[in-house]
Amino acid sequence: MYDFLKLVPGQSKVVQILDKIVSSQQVPHAFLFTGPQNVGQHYTAKQLLKSILIKDESNKSIEFKIDKLDDPYIKYVIPLPRGRGETPDDLPYQKISDVDLEIIINELKEKSDNPYYEIKIENANAIKINSIRDIKKNLAVNYSDLKFRMIIIEDAHLMSIEAQNALLKSLEEPPEGIIFILITHKPELLLTTIYSRCWEVQFTSLADDIVEDILVTRFNVERSTASELSPFAGGSIHTAVDLLKYGFEEITDLTINILRYSLGRRYSTAINLMQNAIDEFSKEIIPIIITLMITWFNDVQKHRSSNSKFHFIGHLDTIEKYNQRFFDSEIDQVIFTLQNLKDKLDLNINLNLITLNVIFKIASIGIR
Amino acid sequence: MEFKVNSKELEKLLTKIIPAVPTRTPMSILENFLFEIKDGSLTINATDLEISMKSSINIVSEENVSIVVPAKLTHDILKSLGDTTVYFEITQNGKLNLKTDNGEYSISYLDAQEFPEIPTFPTNADDIYEITMNGLELKYALDITSFAMSKEEMRPAMMGTYLQFESEGLRFVATDGHRLVNLLKKNVKADISDQYVIPEKAISVLQKILDEKDIKIFLSKTHMSFKLNDIELITRLIGQKYPDYKSVIPLENEFDLKLKTKDIHTAIKRMMLFSSTSSTKRVKFAITENNLEISAEDIDMGNSGKESVMCEYNGNPIEIGFNSQYVNDILSHLTSEKEIIFKLHSATKAVIIVPSESKENQELMMLVMPVRLNN
């Protein structure tokens, strides 16, 4: 048997579990792939289907079709923008504008070429109930000549409550040979009824060298840049790609400056820096900056415990200076607050409020 | 390589196949035709992965080659060319050149490998049957039943038309839970015990292409293939079990209300003007001996309508409500019948509607559920 799952990098535990399932020939009809965003869930889903369908190396044609996300082997469901005058009775793509449709086609092509690519479509904030209805229609058609088919729902947490409820029955009793894969990094947003119907497979953060390899092989990033950047990615390709998109060096410099001005209680300068960053990039920059701040504080702690494996190697002087000046500051509390504020971003809390809280919390270290 | 065809001939063929090409799909490759040139024959394929259509014409060509060309553009060009000879040239650099006496048109083509797997009829499977039917008869059967198919995916099996071979003939059934059409074609008989549910897309395409010629139908558990002259349509079937429709057909509807189809149809259309705003689109039938009073009311706007229709009725006086849209749909499909009979029992039981005279070789029965009247 050709082992497709072994090709999934950095997820040995997941591969082990799925391998067992495949060889037991008792494949659950619904999986929930959780864990950090974009650490190989999509690629694993494809490889899982290949390893179930292809028992030797000979069937290149099915492999090719699965890679291309071709119906009927894979029905790929993603968040989509709402079309003009769209009703729940329309097909998911029926009322979408031509411009959006072309963007979607291109994004899907990128995704089929690179399973770690993240589809970005403007205003695609939800998995529409139309898409779920389309799944149900698709399930009704007789595909018993195919042994297995897969329905991959990307960002499953973006299904509305109605959409999740609409999916329940299909998820519970799909026709034979259907495997649902729900991919999400926020399983807590799913209804418990959905959650309980799926076999959860928890993915873990990728090791830095795996992130580096994926950046080099899948995203054509220079080895040196990938190597420098990967420790900051927190084991997620999602973060790594964001860092690349916004300019890695620029953002680390910016983070250091915000930290410096906050600690020096030059509030307005720090606030302005944050505001300019939001204006220049987008509000997505805030969680990245907060993550970098947390990484920097972790470096500070490492420095205190004489651990020499730092992430901010280029800014080592800032870490040393900090520990000279604030040698007795309690960093745990700061890291905890920053993490908490970052999580709050998902709850749609006012961005200014978050920025002010971040700056004041850091500034509080300097007040004795 | 090069070959020539008559533009009109090819355009006619593409026109028949193009309904299988999906218009708004994220798989843009499906918006193309697959041209397969093999052994002096050009086969054109189109698919939306649920149905596929193909057709062939003979050409003079020595090479075998397959390419994928944009469906709409190719069809539009051939349509606009009129009746002329078109010289096709497939170049190595991805261009399909069309040459006529006055013009030259170049279309980019894709590699045939890009085209997804086309649904094909499983010729080597067990339980494969073949029947032949007149095209117009099949068209009539699909026309008269398909309007009642469900559009809701809650009960997916009902989103198709159900075919069952019985000892008396071939039965077509469609229902959405509110109305039902049941047609028995007595002249089509086959010893087939399997049941088939054809999805809506295949039915709508078939309705467009069927004509007076005979059609060969091949049936398997997963697919159905329709061979009509030079065109073949293959569809996947709905895999879910069709609900037990027979259990909703009442047996004790003893009261007959006989009406002229045209009279009741025009009256219902007028009543729809007053009932269309309410959610149930309710129209009331107050039936007494030889008189039917139809009324509808728009409570929100304070408008109402009432009409008397001549009828023959042999039962107890009854007041019953219907969704006017459903009744109108049924009557629109019975316009060829001079008289129809509503078979009733009570205000809450399903009502059967049948033509007063059966056509040769067929039995037609329609059913509509009443809506509650709040007196």
# chains A, B, ... in the order shown; residues from 1 in each chain; ligands from 1
>>> interface_residues(of="chain B", to="chain A", cutoff="9 Å", atoms="only C-alpha atoms", output="ChimeraX atom specification")
/B:23-28,49-50,116-117,122,151-157,159,199,221-223,236-240
>>> residues_around(residues="Val300 (chain A)", least_positions_apart="2", cutoff="10 Å", atoms="only C-alpha atoms", output="PDB file with N, CA and C atoms, in the first residue's frame")
ATOM      1  N   ILE A 294       4.310  39.063  22.801  1.00  0.00           N
ATOM      2  CA  ILE A 294       4.369  37.916  23.712  1.00  0.00           C
ATOM      3  C   ILE A 294       5.692  37.163  23.514  1.00  0.00           C
ATOM      4  N   THR A 295       6.056  36.992  22.236  1.00  0.00           N
ATOM      5  CA  THR A 295       7.322  36.301  21.936  1.00  0.00           C
ATOM      6  C   THR A 295       8.499  37.073  22.546  1.00  0.00           C
ATOM      7  N   TRP A 296       8.447  38.403  22.440  1.00  0.00           N
ATOM      8  CA  TRP A 296       9.537  39.241  22.988  1.00  0.00           C
ATOM      9  C   TRP A 296       9.630  39.071  24.506  1.00  0.00           C
ATOM     10  N   PHE A 297       8.442  39.091  25.175  1.00  0.00           N
ATOM     11  CA  PHE A 297       8.453  38.923  26.634  1.00  0.00           C
ATOM     12  C   PHE A 297       8.956  37.522  27.017  1.00  0.00           C
ATOM     13  N   ASN A 298       8.636  36.540  26.188  1.00  0.00           N
ATOM     14  CA  ASN A 298       9.166  35.193  26.438  1.00  0.00           C
ATOM     15  C   ASN A 298      10.685  35.190  26.353  1.00  0.00           C
ATOM     16  N   LYS A 302      13.498  34.144  29.050  1.00  0.00           N
ATOM     17  CA  LYS A 302      14.596  33.223  28.730  1.00  0.00           C
ATOM     18  C   LYS A 302      15.931  33.854  29.135  1.00  0.00           C
ATOM     19  N   HIS A 303      16.050  35.148  28.851  1.00  0.00           N
ATOM     20  CA  HIS A 303      17.270  35.868  29.165  1.00  0.00           C
ATOM     21  C   HIS A 303      17.529  35.835  30.669  1.00  0.00           C
ATOM     22  N   ARG A 304      16.439  35.965  31.449  1.00  0.00           N
ATOM     23  CA  ARG A 304      16.572  35.945  32.902  1.00  0.00           C
ATOM     24  C   ARG A 304      17.030  34.566  33.389  1.00  0.00           C
ATOM     25  N   SER A 305      16.555  33.529  32.695  1.00  0.00           N
ATOM     26  CA  SER A 305      16.919  32.182  33.148  1.00  0.00           C
ATOM     27  C   SER A 305      18.146  31.651  32.409  1.00  0.00           C
ATOM     28  N   SER A 306      18.862  32.567  31.789  1.00  0.00           N
ATOM     29  CA  SER A 306      20.101  32.241  31.063  1.00  0.00           C
ATOM     30  C   SER A 306      19.916  31.232  29.952  1.00  0.00           C
ATOM     31  N   ASN A 307      18.702  31.192  29.410  1.00  0.00           N
ATOM     32  CA  ASN A 307      18.463  30.342  28.239  1.00  0.00           C
ATOM     33  C   ASN A 307      18.864  31.158  27.015  1.00  0.00           C
ATOM     34  N   PHE A 310      17.084  32.545  21.749  1.00  0.00           N
ATOM     35  CA  PHE A 310      16.149  33.665  21.603  1.00  0.00           C
ATOM     36  C   PHE A 310      15.534  33.708  20.206  1.00  0.00           C
ATOM     37  N   PHE A 312      14.144  36.940  19.147  1.00  0.00           N
ATOM     38  CA  PHE A 312      14.498  38.288  18.707  1.00  0.00           C
ATOM     39  C   PHE A 312      16.022  38.470  18.734  1.00  0.00           C
ATOM     40  N   LEU A 316      18.514  41.789  20.485  1.00  0.00           N
ATOM     41  CA  LEU A 316      18.961  41.281  21.784  1.00  0.00           C
ATOM     42  C   LEU A 316      19.253  42.412  22.761  1.00  0.00           C
ATOM     43  N   THR A 318      17.702  45.143  23.178  1.00  0.00           N
ATOM     44  CA  THR A 318      16.482  45.642  23.846  1.00  0.00           C
ATOM     45  C   THR A 318      16.144  44.740  25.035  1.00  0.00           C
ATOM     46  N   ILE A 319      16.350  43.440  24.847  1.00  0.00           N
ATOM     47  CA  ILE A 319      16.048  42.489  25.914  1.00  0.00           C
ATOM     48  C   ILE A 319      16.986  42.700  27.108  1.00  0.00           C
ATOM     49  N   GLU A 320      18.248  42.873  26.786  1.00  0.00           N
ATOM     50  CA  GLU A 320      19.227  43.093  27.861  1.00  0.00           C
ATOM     51  C   GLU A 320      18.917  44.381  28.633  1.00  0.00           C
ATOM     52  N   LYS A 321      18.619  45.439  27.862  1.00  0.00           N
ATOM     53  CA  LYS A 321      18.313  46.740  28.487  1.00  0.00           C
ATOM     54  C   LYS A 321      17.110  46.608  29.421  1.00  0.00           C
ATOM     55  N   TYR A 322      16.112  45.902  28.941  1.00  0.00           N
ATOM     56  CA  TYR A 322      14.890  45.743  29.734  1.00  0.00           C
ATOM     57  C   TYR A 322      15.207  45.071  31.061  1.00  0.00           C
ATOM     58  N   ASN A 323      15.990  43.985  30.961  1.00  0.00           N
ATOM     59  CA  ASN A 323      16.259  43.222  32.176  1.00  0.00           C
ATOM     60  C   ASN A 323      17.162  43.984  33.159  1.00  0.00           C
ATOM     61  N   PHE A 327      14.421  44.562  36.211  1.00  0.00           N
ATOM     62  CA  PHE A 327      14.848  43.188  36.541  1.00  0.00           C
ATOM     63  C   PHE A 327      13.850  42.449  37.422  1.00  0.00           C
ATOM     64  N   ILE A 331       6.521  39.374  34.639  1.00  0.00           N
ATOM     65  CA  ILE A 331       6.191  39.291  33.217  1.00  0.00           C
ATOM     66  C   ILE A 331       5.012  38.357  32.952  1.00  0.00           C
TER      67      ILE A 331
END
>>> residues_around(residues="region 349-353 of chain B", least_positions_apart="5", cutoff="8 Å", atoms="only C-alpha atoms", output="number ranges by chain")
B: 248-250, 253, 340-344, 365-370
>>> write_last_selection(atoms="C-alpha atoms", output="PDB file, in the first residue's frame")
ATOM      1  CA  VAL B 248     -51.319   9.419   0.905  1.00  0.00           C
ATOM      2  CA  ILE B 249     -53.733   8.625  -1.920  1.00  0.00           C
ATOM      3  CA  PRO B 250     -57.201   8.406  -0.305  1.00  0.00           C
ATOM      4  CA  ASN B 253     -63.258   9.947  -1.884  1.00  0.00           C
ATOM      5  CA  ILE B 340     -62.130  17.244 -14.984  1.00  0.00           C
ATOM      6  CA  ILE B 341     -63.409  15.650 -11.804  1.00  0.00           C
ATOM      7  CA  PHE B 342     -62.450  16.660  -8.253  1.00  0.00           C
ATOM      8  CA  LYS B 343     -62.936  13.629  -6.016  1.00  0.00           C
ATOM      9  CA  LEU B 344     -63.607  14.724  -2.449  1.00  0.00           C
ATOM     10  CA  MET B 365     -54.265  11.212 -11.398  1.00  0.00           C
ATOM     11  CA  MET B 366     -53.334  14.384  -9.561  1.00  0.00           C
ATOM     12  CA  LEU B 367     -53.718  15.069  -5.878  1.00  0.00           C
ATOM     13  CA  VAL B 368     -53.738  18.273  -3.866  1.00  0.00           C
ATOM     14  CA  MET B 369     -53.846  18.735  -0.119  1.00  0.00           C
ATOM     15  CA  PRO B 370     -56.465  21.161   1.188  1.00  0.00           C
TER      16      PRO B 370
END
>>> select_by_dssp(residues="region 123-314 of chain A", states="helix (DSSP H, G or I)", output="PyMOL selection string")
chain A and resi 129-140+156-158+161-172+187-189+192-195+208-219+223-233+237-246+248-263+267-280+285-304+313-314
>>> residues_around(residues="region 12-14 of chain A", least_positions_apart="3", cutoff="9 Å", atoms="only C-alpha atoms", output="list in words")
Lys6, Val8, Pro9, Ile17, Leu18, Asp19, Thr44, Val201, Gln202, Phe203 and Thr204 of chain A
>>> write_last_selection(atoms="N, CA and C atoms", output="tab-separated table (two decimals), in the first residue's frame")
chain	number	residue	atom	x	y	z
A	6	LYS	N	1.77	9.46	5.18
A	6	LYS	CA	3.16	9.68	5.65
A	6	LYS	C	3.76	10.95	5.04
A	8	VAL	N	2.38	13.80	5.03
A	8	VAL	CA	1.96	14.99	5.76
A	8	VAL	C	3.08	15.38	6.74
A	9	PRO	N	3.63	16.59	6.60
A	9	PRO	CA	4.78	16.94	7.46
A	9	PRO	C	4.34	17.42	8.85
A	17	ILE	N	-2.85	8.18	14.10
A	17	ILE	CA	-4.28	7.90	14.39
A	17	ILE	C	-5.01	7.54	13.10
A	18	LEU	N	-4.83	8.39	12.08
A	18	LEU	CA	-5.57	8.19	10.83
A	18	LEU	C	-5.13	6.90	10.14
A	19	ASP	N	-3.84	6.60	10.24
A	19	ASP	CA	-3.34	5.35	9.65
A	19	ASP	C	-4.06	4.14	10.23
A	44	THR	N	-3.97	17.02	5.01
A	44	THR	CA	-4.22	15.72	5.63
A	44	THR	C	-5.54	15.13	5.12
A	201	VAL	N	-9.99	15.24	15.61
A	201	VAL	CA	-8.55	14.97	15.46
A	201	VAL	C	-7.84	16.29	15.71
A	202	GLN	N	-7.05	16.32	16.79
A	202	GLN	CA	-6.39	17.57	17.15
A	202	GLN	C	-5.03	17.67	16.49
A	203	PHE	N	-4.86	18.69	15.71
A	203	PHE	CA	-3.57	18.94	15.07
A	203	PHE	C	-2.73	19.80	16.03
A	204	THR	N	-1.41	19.67	15.91
A	204	THR	CA	-0.56	20.46	16.80
A	204	THR	C	0.23	21.49	15.99
>>> select_by_dssp(residues="region 139-269 of chain A", states="strand (DSSP E or B)", output="ChimeraX atom specification")
/A:141,149-153,159,178-183,199-202
>>> residues_around(residues="Leu96 (chain B)", least_positions_apart="4", cutoff="7 Å", atoms="only C-alpha atoms", output="number ranges by chain")
B: 88-91, 106-109
>>> write_last_selection(atoms="N, CA, C and O atoms", output="PDB file, in the first residue's frame")
ATOM      1  N   PHE B  88     -11.609  23.860 -39.512  1.00  0.00           N
ATOM      2  CA  PHE B  88     -11.034  23.881 -38.168  1.00  0.00           C
ATOM      3  C   PHE B  88      -9.559  23.507 -38.262  1.00  0.00           C
ATOM      4  O   PHE B  88      -9.206  22.555 -38.944  1.00  0.00           O
ATOM      5  N   GLU B  89      -8.735  24.264 -37.546  1.00  0.00           N
ATOM      6  CA  GLU B  89      -7.318  23.917 -37.489  1.00  0.00           C
ATOM      7  C   GLU B  89      -6.877  23.930 -36.029  1.00  0.00           C
ATOM      8  O   GLU B  89      -7.067  24.936 -35.327  1.00  0.00           O
ATOM      9  N   ILE B  90      -6.368  22.793 -35.566  1.00  0.00           N
ATOM     10  CA  ILE B  90      -5.887  22.722 -34.183  1.00  0.00           C
ATOM     11  C   ILE B  90      -4.371  22.862 -34.212  1.00  0.00           C
ATOM     12  O   ILE B  90      -3.666  22.014 -34.760  1.00  0.00           O
ATOM     13  N   THR B  91      -3.886  23.980 -33.661  1.00  0.00           N
ATOM     14  CA  THR B  91      -2.441  24.222 -33.721  1.00  0.00           C
ATOM     15  C   THR B  91      -1.763  23.673 -32.472  1.00  0.00           C
ATOM     16  O   THR B  91      -2.408  23.408 -31.463  1.00  0.00           O
ATOM     17  N   SER B 106      -9.912  32.785 -33.892  1.00  0.00           N
ATOM     18  CA  SER B 106      -8.970  31.962 -33.140  1.00  0.00           C
ATOM     19  C   SER B 106      -9.455  31.823 -31.696  1.00  0.00           C
ATOM     20  O   SER B 106      -9.748  32.815 -31.034  1.00  0.00           O
ATOM     21  N   ILE B 107      -9.550  30.603 -31.242  1.00  0.00           N
ATOM     22  CA  ILE B 107     -10.024  30.344 -29.873  1.00  0.00           C
ATOM     23  C   ILE B 107      -8.941  29.558 -29.143  1.00  0.00           C
ATOM     24  O   ILE B 107      -8.418  28.582 -29.673  1.00  0.00           O
ATOM     25  N   SER B 108      -8.648  29.988 -27.921  1.00  0.00           N
ATOM     26  CA  SER B 108      -7.664  29.230 -27.128  1.00  0.00           C
ATOM     27  C   SER B 108      -8.305  27.956 -26.609  1.00  0.00           C
ATOM     28  O   SER B 108      -9.447  27.976 -26.171  1.00  0.00           O
ATOM     29  N   TYR B 109      -7.576  26.867 -26.691  1.00  0.00           N
ATOM     30  CA  TYR B 109      -8.111  25.630 -26.128  1.00  0.00           C
ATOM     31  C   TYR B 109      -7.222  25.127 -25.001  1.00  0.00           C
ATOM     32  O   TYR B 109      -6.083  25.571 -24.852  1.00  0.00           O
TER      33      TYR B 109
END
>>> residues_around(residues="region 262-268 of chain B", least_positions_apart="6", cutoff="8 Å", atoms="only C-alpha atoms", output="list in words")
Ile294, Glu307, Val309, Ser324, Val327, Asn328, Leu331, Ser332, Thr335 and Lys338 of chain B
>>> atom_distance(atom1="CA of Leu229 (chain A)", atom2="CA of Thr255 (chain A)")
14.7 Å
>>> residues_around(residues="Gln325 (chain B)", least_positions_apart="3", cutoff="9 Å", atoms="only C-alpha atoms", output="list in words")
Ile268, Lys269, Met272, Ser276, Lys281, Arg282, Phe322, Asn328, Asp329 and Ile330 of chain B
>>> write_last_selection(atoms="C-alpha atoms", output="CSV table (one decimal), in the first residue's frame")
chain,number,residue,atom,x,y,z
B,268,ILE,CA,-58.9,30.3,-10.2
B,269,LYS,CA,-56.6,32.7,-12.1
B,272,MET,CA,-55.3,34.3,-7.4
B,276,SER,CA,-51.6,35.9,-3.6
B,281,LYS,CA,-52.6,31.7,-1.0
B,282,ARG,CA,-56.0,30.4,0.1
B,322,PHE,CA,-56.9,25.1,-1.3
B,328,ASN,CA,-53.6,26.6,-10.8
B,329,ASP,CA,-50.4,24.6,-11.4
B,330,ILE,CA,-52.5,21.4,-11.7
>>> atom_distance(atom1="CA of Glu104 (chain B)", atom2="CA of Lys4 (chain B)")
13.6 Å
